[in-house]
Amino acid sequence: MKALKISGSILGLIFGISLLTAAGCATKGVQPEKLGAQLWGENCVRCHNAPNPQAFSDAQWETATMHMRVRASLTADETEKIVAFLKMAN
Amino acid sequence: MKNMAVICTCILLFLGGGLFAQEENELTEITTRLNELKPGKSRFMMRGYAHSGLEIYENSSSFVGGSFNPIFLWQQSERLLFEGELEVELEDGQTVVGLEYANISYILSKAAILRVGRFLLPFGIFGDRLHPRWINRLPTNPLGFTHDAQVGPTTDMGVELRGGMPMGTGKINYSLYIVNGPTLNEGMVDAEEGGQLHYANYNDNNKNKAVGGRLGILPLNNSSVEIGFSGQRGKVGDTDSEYADVSATMLAVDFSMVKNLTALNSVLDVKAQWNQVSVSDASYISPEDPTGTTEYTFENKSNAWFARAALKPAYVDNAVLKNIEFTGRYSRMTLAEGAAWATDQTQITFGFNYWLDWRTVIKFAYQINDTAAESDHGEGGGRTTGLTGGGAEEAAGGHGEPSGNAFFVHWSIGF
């Protein structure tokens with residue numbers, strides 16, 4: 001029981017520090033420089049096949065990508081670029 | 001002659017004016033129709049998935065499934081989204097409708113989304129992202145990741161803060177949540193189930209709330225690798241019972257990798273997850289004592305894990321081969337050694353999928369099950385905790401359903 005409490009506390013501490021560190025270290029880095037097509041190819045296949053841009057209308061893609069931003073924790077920049085690509089390519 | 005010319009000019013002007021007026025009317029009508037089709041800022045969309053299949057066991061075979069899961073999305077604004085999923089399936093000859101989740105997400109900032117309601121818990125990645133039938137590369141769920149034999153939570157009611165952000169050349173995603181948490185089966189109704197946890201509760205059985213979260217790290221620039229760490233802790237016993245202080249601590253580690261293998265003209269997709277659930281020490285009524293007065297205890301710690309690989313030669317110059325995906329998975333579940341419901345199961349599943357398009361798949365798989373009952377209180381070899389989550393889960397045994405090895409042919413579609 002004690003070991004569980006200690007391990008839980010350590011996990012929480014690591015988690016908290018990681019979040020704070022990550023938030024502090026968050027930089028634009030290379031990620032925002034990518035094109036929407038590349039981000040579409042890289043991120044969608046993490047769970048499922050990359051969708052056909054013609055599967056949905058522009059308006060539907062806006063809703064679908066917002067849904068994916070929530071579900072797959074896409075970053076805001078990724079979401080904007082992916083939806084722009086899908087609307088352009090459909 | 002001059003009069004004829006004037007008359008002809010008048011006729012032409014009349015006809016031309018009429019045509020112009022007609023074009024203008026058509027343009028007005030088209031403009032009106034286009035305006036009617038403008039989506040507006042509030043948008044409704046239905047997505048989801050469906051599946052069905054054939055399952056062949058040693059002594060029986062059956063068409064199963066026939067289920068579909070509509071997901072309703074309502075985008076109220078650029079910041080507010082509602083999502084709700086129903087599961088409609090046939091079970092024991094009846095149509096059963098269940099609510100998988102229903103929640104509202106509000107985008108607070110670039111890196112923070114607030115979600116309230118009933119939602120899929122980011123405890124690892126299988127329940128949160130991989131469980132939909134058209135995404136799961138095999139017809140069955142891994143051991144310990146089904147509705148009725150869970151090691152770790154999948155859905156719950158509460159509030160969550162989540163988001164993703166770039167970090168260096170990679171990125172991270174995070175989730176922190178407070179939910180009702182699982183409840184403890186005290187074994188009062190069925191002594192053999194004493195010590196089990198029940199997940200996905202609509203009402204809490206105590207004032208304590210479970211706190212949990214997940215941190216996902218994607219260290220590479222191309223998002224091809226993700227490592228996740230999840231944890232959840234909270235009391236699980238009824239407030240006014242002797243189990244009031246019993247708590248559960250849950251941990252999970254997940255791994256995901258998607259890599260292009262240029263030498264094989266293929267895409268390799270690897271997923272893995274390990275879950276552990278530890279319930280603090282408590283004594284339960286011994287199922288061996290018909291008077292219900294003798295108690296027994298055990299180390300209430302359960303584990304489940306799986307590793308799955310899928311190889312799809314997507315870049316070969318062959319119209320048929322490029323749509324085939326070879327899959328394999330190993331999973332193992334060990335439940336509370338010494339408990340009446342203890343079990344140690346391993347499962348190997350392998351097969352191939354044929355993708356008709358990016359979201360429609362036919363799956364062929366063979367599954368080998370190996371079950372060893374560990375309990376001194378159990379009913380003998382082969383006893384499991386009932387994996388009746390519908391269809392394919394039956395192949396792992398339980399509740400008198402077919403068990404042992406099985407062959408599956410399933411189709412799934414995402415929409």
# chains A, B, ... in the order shown; residues from 1 in each chain; ligands from 1
$ residues_around --residues "region 40-48 of chain A" --least-positions-apart "5" --cutoff "8 Å" --atoms "only C-alpha atoms" --output "PyMOL selection string"
(chain A and resi 82+85) or (chain B and resi 129-130+135+222-224+256-258)
$ write_last_selection --atoms "N, CA and C atoms" --output "tab-separated table (two decimals), in the first residue's frame"
chain	number	residue	atom	x	y	z
A	82	ILE	N	-4.01	21.17	-41.54
A	82	ILE	CA	-4.64	19.97	-42.10
A	82	ILE	C	-5.99	20.31	-42.71
A	85	PHE	N	-5.55	22.09	-45.97
A	85	PHE	CA	-5.17	21.17	-47.05
A	85	PHE	C	-6.38	20.36	-47.54
B	129	ARG	N	-8.41	5.62	-28.61
B	129	ARG	CA	-8.21	5.85	-30.04
B	129	ARG	C	-8.39	4.62	-30.93
B	130	LEU	N	-8.05	3.43	-30.42
B	130	LEU	CA	-7.92	2.28	-31.32
B	130	LEU	C	-9.10	1.32	-31.31
B	135	ILE	N	-10.84	0.84	-37.03
B	135	ILE	CA	-9.47	1.25	-36.70
B	135	ILE	C	-8.69	0.08	-36.10
B	222	ASN	N	8.51	13.73	-37.18
B	222	ASN	CA	7.44	13.27	-38.07
B	222	ASN	C	6.29	12.58	-37.33
B	223	SER	N	6.24	12.72	-36.02
B	223	SER	CA	5.15	12.17	-35.19
B	223	SER	C	5.00	10.67	-35.32
B	224	SER	N	6.03	9.97	-35.75
B	224	SER	CA	5.89	8.54	-36.03
B	224	SER	C	5.96	7.68	-34.77
B	256	SER	N	3.40	3.57	-29.59
B	256	SER	CA	2.87	3.58	-30.96
B	256	SER	C	3.98	3.96	-31.92
B	257	MET	N	4.06	3.24	-33.02
B	257	MET	CA	5.05	3.58	-34.05
B	257	MET	C	4.48	3.27	-35.43
B	258	VAL	N	4.57	4.22	-36.31
B	258	VAL	CA	4.17	4.01	-37.71
B	258	VAL	C	5.36	4.40	-38.57
$ residues_around --residues "Ser283 (chain B)" --least-positions-apart "6" --cutoff "10 Å" --atoms "only C-alpha atoms" --output "ChimeraX atom specification"
/B:186,194-195,242-243,294-298
$ select_by_dssp --residues "region 34-76 of chain B" --states "strand (DSSP E)" --output "CSV table (one decimal) with C-alpha atoms, in the first residue's frame"
chain,number,residue,atom,x,y,z
B,43,ARG,CA,-22.9,22.4,-37.9
B,44,PHE,CA,-24.2,18.9,-37.4
B,45,MET,CA,-22.3,15.9,-38.7
B,46,MET,CA,-22.8,12.2,-38.2
B,47,ARG,CA,-19.9,9.8,-38.3
B,48,GLY,CA,-19.3,6.4,-36.9
B,49,TYR,CA,-18.7,2.8,-37.8
B,50,ALA,CA,-20.4,-0.6,-38.2
B,51,HIS,CA,-19.3,-4.2,-38.3
B,52,SER,CA,-20.5,-7.7,-38.8
B,53,GLY,CA,-18.9,-11.1,-39.4
B,54,LEU,CA,-18.7,-14.8,-39.3
B,55,GLU,CA,-17.0,-16.6,-36.4
B,56,ILE,CA,-16.0,-20.3,-36.6
B,61,SER,CA,-20.1,-21.3,-36.1
B,62,SER,CA,-22.2,-18.2,-36.2
B,63,PHE,CA,-22.7,-14.9,-38.0
B,64,VAL,CA,-22.3,-12.2,-35.4
B,65,GLY,CA,-22.3,-8.5,-34.9
B,66,GLY,CA,-24.7,-6.5,-37.0
B,67,SER,CA,-23.8,-3.6,-34.7
B,68,PHE,CA,-23.3,0.0,-35.6
B,69,ASN,CA,-22.0,3.0,-33.7
B,70,PRO,CA,-23.3,6.3,-34.9
B,71,ILE,CA,-21.2,9.3,-33.6
B,72,PHE,CA,-23.1,12.6,-33.5
B,73,LEU,CA,-21.0,15.7,-33.8
B,74,TRP,CA,-22.5,19.2,-33.2
B,75,GLN,CA,-20.1,22.0,-33.8
$ atom_distance --atom1 "CA of Phe350 (chain B)" --atom2 "CA of Ala149 (chain B)"
21.3 Å
$ closest_residue --among "B:Gln76, B:Asn303, B:Gln22, B:Ser230" --to "Met66 (chain A)" --atoms "only C-alpha atoms"
B:Gln76
$ residues_around --residues "Val159 (chain B)" --least-positions-apart "6" --cutoff "9 Å" --atoms "only C-alpha atoms" --output "list in words"
Leu114, Arg115, Val116, Gly117, Arg118, Phe119, Leu176, Tyr177, Ile178 and Val179 of chain B
$ write_last_selection --atoms "N, CA and C atoms" --output "CSV table (one decimal), in the first residue's frame"
chain,number,residue,atom,x,y,z
B,114,LEU,N,-11.1,22.0,-22.6
B,114,LEU,CA,-11.9,21.5,-21.5
B,114,LEU,C,-13.0,20.6,-22.0
B,115,ARG,N,-13.1,19.5,-21.3
B,115,ARG,CA,-14.1,18.5,-21.8
B,115,ARG,C,-14.9,18.1,-20.6
B,116,VAL,N,-16.3,18.1,-20.7
B,116,VAL,CA,-17.1,17.7,-19.5
B,116,VAL,C,-18.2,16.7,-20.1
B,117,GLY,N,-18.6,15.8,-19.2
B,117,GLY,CA,-19.6,14.8,-19.6
B,117,GLY,C,-19.0,13.4,-19.4
B,118,ARG,N,-19.5,12.5,-20.3
B,118,ARG,CA,-19.1,11.1,-20.3
B,118,ARG,C,-18.1,11.0,-21.5
B,119,PHE,N,-16.9,10.6,-21.2
B,119,PHE,CA,-15.9,10.6,-22.3
B,119,PHE,C,-15.0,9.4,-22.2
B,176,LEU,N,-5.5,15.6,-18.1
B,176,LEU,CA,-5.7,15.5,-16.6
B,176,LEU,C,-7.2,15.5,-16.4
B,177,TYR,N,-7.7,14.5,-15.6
B,177,TYR,CA,-9.2,14.4,-15.5
B,177,TYR,C,-9.6,14.0,-14.0
B,178,ILE,N,-10.8,14.4,-13.7
B,178,ILE,CA,-11.4,14.0,-12.4
B,178,ILE,C,-12.7,13.3,-12.8
B,179,VAL,N,-12.9,12.1,-12.4
B,179,VAL,CA,-14.1,11.3,-12.8
B,179,VAL,C,-14.7,10.6,-11.6
$ atom_distance --atom1 "CA of Met167 (chain B)" --atom2 "CA of Phe123 (chain B)"
22.0 Å
$ closest_residue --among "A:Asn52, A:Ala37, A:Glu78, A:Thr63" --to "Ser77 (chain B)" --atoms "only C-alpha atoms"
A:Thr63
$ select_by_dssp --residues "region 101-260 of chain B" --states "helix (DSSP H, G or I)" --output "number ranges by chain"
B: 126-130, 191-193
$ residues_around --residues "Leu74 (chain A)" --least-positions-apart "3" --cutoff "9 Å" --atoms "only C-alpha atoms" --output "VMD selection string"
(chain A and resid 43 68 to 71 77 to 79) or (chain B and resid 163 to 165 173)
$ closest_residue --among "B:Leu34, B:Val267, B:Met188, B:Val320" --to "chain A" --atoms "only C-alpha atoms"
B:Val267
$ atom_distance --atom1 "CA of Val316 (chain B)" --atom2 "CA of Asn265 (chain B)"
5.6 Å
$ closest_residue --among "B:Arg359, B:Arg329, B:Lys301, B:His147" --to "chain A" --atoms "only C-alpha atoms"
B:Arg359
$ closest_residue --among "A:Ala59, A:Ala89, A:Thr65, A:Lys81" --to "chain B" --atoms "only C-alpha atoms"
A:Ala59
$ decode --residues "region 76-87 of chain B" --atoms "all heavy atoms" --output "PDB file, in the first residue's frame"
ATOM      1  N   GLN B  76     -20.908  23.758 -32.321  1.00  0.00           N
ATOM      2  CA  GLN B  76     -21.701  24.940 -31.990  1.00  0.00           C
ATOM      3  C   GLN B  76     -21.016  26.220 -32.459  1.00  0.00           C
ATOM      4  O   GLN B  76     -21.661  27.163 -32.876  1.00  0.00           O
ATOM      5  CB  GLN B  76     -21.925  24.991 -30.466  1.00  0.00           C
ATOM      6  CG  GLN B  76     -22.834  26.086 -29.988  1.00  0.00           C
ATOM      7  CD  GLN B  76     -24.291  25.693 -30.142  1.00  0.00           C
ATOM      8  OE1 GLN B  76     -24.618  24.739 -30.828  1.00  0.00           O
ATOM      9  NE2 GLN B  76     -25.180  26.430 -29.527  1.00  0.00           N
ATOM     10  N   SER B  77     -19.703  26.230 -32.370  1.00  0.00           N
ATOM     11  CA  SER B  77     -18.924  27.389 -32.801  1.00  0.00           C
ATOM     12  C   SER B  77     -17.506  26.899 -33.082  1.00  0.00           C
ATOM     13  O   SER B  77     -17.254  25.694 -33.060  1.00  0.00           O
ATOM     14  CB  SER B  77     -18.908  28.465 -31.713  1.00  0.00           C
ATOM     15  OG  SER B  77     -18.153  28.018 -30.599  1.00  0.00           O
ATOM     16  N   GLU B  78     -16.601  27.826 -33.323  1.00  0.00           N
ATOM     17  CA  GLU B  78     -15.222  27.409 -33.575  1.00  0.00           C
ATOM     18  C   GLU B  78     -14.545  26.885 -32.314  1.00  0.00           C
ATOM     19  O   GLU B  78     -13.447  26.343 -32.369  1.00  0.00           O
ATOM     20  CB  GLU B  78     -14.424  28.586 -34.152  1.00  0.00           C
ATOM     21  CG  GLU B  78     -14.854  28.942 -35.568  1.00  0.00           C
ATOM     22  CD  GLU B  78     -14.064  30.104 -36.128  1.00  0.00           C
ATOM     23  OE1 GLU B  78     -13.262  30.695 -35.382  1.00  0.00           O
ATOM     24  OE2 GLU B  78     -14.259  30.418 -37.310  1.00  0.00           O
ATOM     25  N   ARG B  79     -15.181  27.073 -31.172  1.00  0.00           N
ATOM     26  CA  ARG B  79     -14.575  26.622 -29.914  1.00  0.00           C
ATOM     27  C   ARG B  79     -15.354  25.501 -29.227  1.00  0.00           C
ATOM     28  O   ARG B  79     -14.807  24.827 -28.355  1.00  0.00           O
ATOM     29  CB  ARG B  79     -14.457  27.794 -28.938  1.00  0.00           C
ATOM     30  CG  ARG B  79     -13.381  28.802 -29.306  1.00  0.00           C
ATOM     31  CD  ARG B  79     -13.327  29.921 -28.283  1.00  0.00           C
ATOM     32  NE  ARG B  79     -12.280  30.874 -28.602  1.00  0.00           N
ATOM     33  CZ  ARG B  79     -11.046  30.805 -28.131  1.00  0.00           C
ATOM     34  NH1 ARG B  79     -10.702  29.836 -27.325  1.00  0.00           N
ATOM     35  NH2 ARG B  79     -10.142  31.710 -28.459  1.00  0.00           N
ATOM     36  N   LEU B  80     -16.618  25.333 -29.579  1.00  0.00           N
ATOM     37  CA  LEU B  80     -17.479  24.418 -28.827  1.00  0.00           C
ATOM     38  C   LEU B  80     -17.916  23.238 -29.693  1.00  0.00           C
ATOM     39  O   LEU B  80     -18.456  23.420 -30.778  1.00  0.00           O
ATOM     40  CB  LEU B  80     -18.707  25.180 -28.332  1.00  0.00           C
ATOM     41  CG  LEU B  80     -19.520  24.555 -27.209  1.00  0.00           C
ATOM     42  CD1 LEU B  80     -18.699  24.393 -25.947  1.00  0.00           C
ATOM     43  CD2 LEU B  80     -20.745  25.412 -26.924  1.00  0.00           C
ATOM     44  N   LEU B  81     -17.686  22.033 -29.178  1.00  0.00           N
ATOM     45  CA  LEU B  81     -18.043  20.818 -29.923  1.00  0.00           C
ATOM     46  C   LEU B  81     -18.722  19.821 -28.990  1.00  0.00           C
ATOM     47  O   LEU B  81     -18.242  19.556 -27.898  1.00  0.00           O
ATOM     48  CB  LEU B  81     -16.770  20.174 -30.508  1.00  0.00           C
ATOM     49  CG  LEU B  81     -16.970  18.848 -31.246  1.00  0.00           C
ATOM     50  CD1 LEU B  81     -17.597  19.084 -32.615  1.00  0.00           C
ATOM     51  CD2 LEU B  81     -15.658  18.110 -31.407  1.00  0.00           C
ATOM     52  N   PHE B  82     -19.839  19.271 -29.466  1.00  0.00           N
ATOM     53  CA  PHE B  82     -20.479  18.159 -28.753  1.00  0.00           C
ATOM     54  C   PHE B  82     -20.200  16.878 -29.522  1.00  0.00           C
ATOM     55  O   PHE B  82     -20.263  16.862 -30.753  1.00  0.00           O
ATOM     56  CB  PHE B  82     -21.998  18.374 -28.648  1.00  0.00           C
ATOM     57  CG  PHE B  82     -22.732  17.127 -28.200  1.00  0.00           C
ATOM     58  CD1 PHE B  82     -22.826  16.812 -26.859  1.00  0.00           C
ATOM     59  CD2 PHE B  82     -23.293  16.258 -29.134  1.00  0.00           C
ATOM     60  CE1 PHE B  82     -23.479  15.654 -26.446  1.00  0.00           C
ATOM     61  CE2 PHE B  82     -23.944  15.104 -28.736  1.00  0.00           C
ATOM     62  CZ  PHE B  82     -24.034  14.807 -27.386  1.00  0.00           C
ATOM     63  N   GLU B  83     -19.876  15.814 -28.814  1.00  0.00           N
ATOM     64  CA  GLU B  83     -19.746  14.509 -29.450  1.00  0.00           C
ATOM     65  C   GLU B  83     -20.483  13.473 -28.623  1.00  0.00           C
ATOM     66  O   GLU B  83     -20.424  13.495 -27.387  1.00  0.00           O
ATOM     67  CB  GLU B  83     -18.278  14.094 -29.623  1.00  0.00           C
ATOM     68  CG  GLU B  83     -17.525  13.894 -28.332  1.00  0.00           C
ATOM     69  CD  GLU B  83     -16.225  13.117 -28.479  1.00  0.00           C
ATOM     70  OE1 GLU B  83     -15.916  12.630 -29.573  1.00  0.00           O
ATOM     71  OE2 GLU B  83     -15.511  12.999 -27.462  1.00  0.00           O
ATOM     72  N   GLY B  84     -21.214  12.622 -29.296  1.00  0.00           N
ATOM     73  CA  GLY B  84     -21.939  11.559 -28.613  1.00  0.00           C
ATOM     74  C   GLY B  84     -21.939  10.312 -29.461  1.00  0.00           C
ATOM     75  O   GLY B  84     -22.124  10.387 -30.678  1.00  0.00           O
ATOM     76  N   GLU B  85     -21.692   9.173 -28.833  1.00  0.00           N
ATOM     77  CA  GLU B  85     -21.673   7.916 -29.592  1.00  0.00           C
ATOM     78  C   GLU B  85     -22.628   6.919 -28.967  1.00  0.00           C
ATOM     79  O   GLU B  85     -22.630   6.709 -27.751  1.00  0.00           O
ATOM     80  CB  GLU B  85     -20.260   7.308 -29.622  1.00  0.00           C
ATOM     81  CG  GLU B  85     -20.220   5.973 -30.368  1.00  0.00           C
ATOM     82  CD  GLU B  85     -18.853   5.327 -30.392  1.00  0.00           C
ATOM     83  OE1 GLU B  85     -17.841   6.061 -30.372  1.00  0.00           O
ATOM     84  OE2 GLU B  85     -18.776   4.088 -30.429  1.00  0.00           O
ATOM     85  N   LEU B  86     -23.443   6.321 -29.815  1.00  0.00           N
ATOM     86  CA  LEU B  86     -24.325   5.239 -29.387  1.00  0.00           C
ATOM     87  C   LEU B  86     -23.779   3.930 -29.919  1.00  0.00           C
ATOM     88  O   LEU B  86     -23.151   3.888 -30.978  1.00  0.00           O
ATOM     89  CB  LEU B  86     -25.747   5.439 -29.928  1.00  0.00           C
ATOM     90  CG  LEU B  86     -26.508   6.675 -29.471  1.00  0.00           C
ATOM     91  CD1 LEU B  86     -27.858   6.741 -30.176  1.00  0.00           C
ATOM     92  CD2 LEU B  86     -26.709   6.659 -27.962  1.00  0.00           C
ATOM     93  N   GLU B  87     -24.042   2.881 -29.190  1.00  0.00           N
ATOM     94  CA  GLU B  87     -23.700   1.550 -29.697  1.00  0.00           C
ATOM     95  C   GLU B  87     -24.988   0.762 -29.822  1.00  0.00           C
ATOM     96  O   GLU B  87     -25.665   0.494 -28.821  1.00  0.00           O
ATOM     97  CB  GLU B  87     -22.721   0.833 -28.766  1.00  0.00           C
ATOM     98  CG  GLU B  87     -22.294  -0.512 -29.322  1.00  0.00           C
ATOM     99  CD  GLU B  87     -21.144  -1.118 -28.545  1.00  0.00           C
ATOM    100  OE1 GLU B  87     -21.277  -1.261 -27.312  1.00  0.00           O
ATOM    101  OE2 GLU B  87     -20.114  -1.438 -29.147  1.00  0.00           O
TER     102      GLU B  87
END
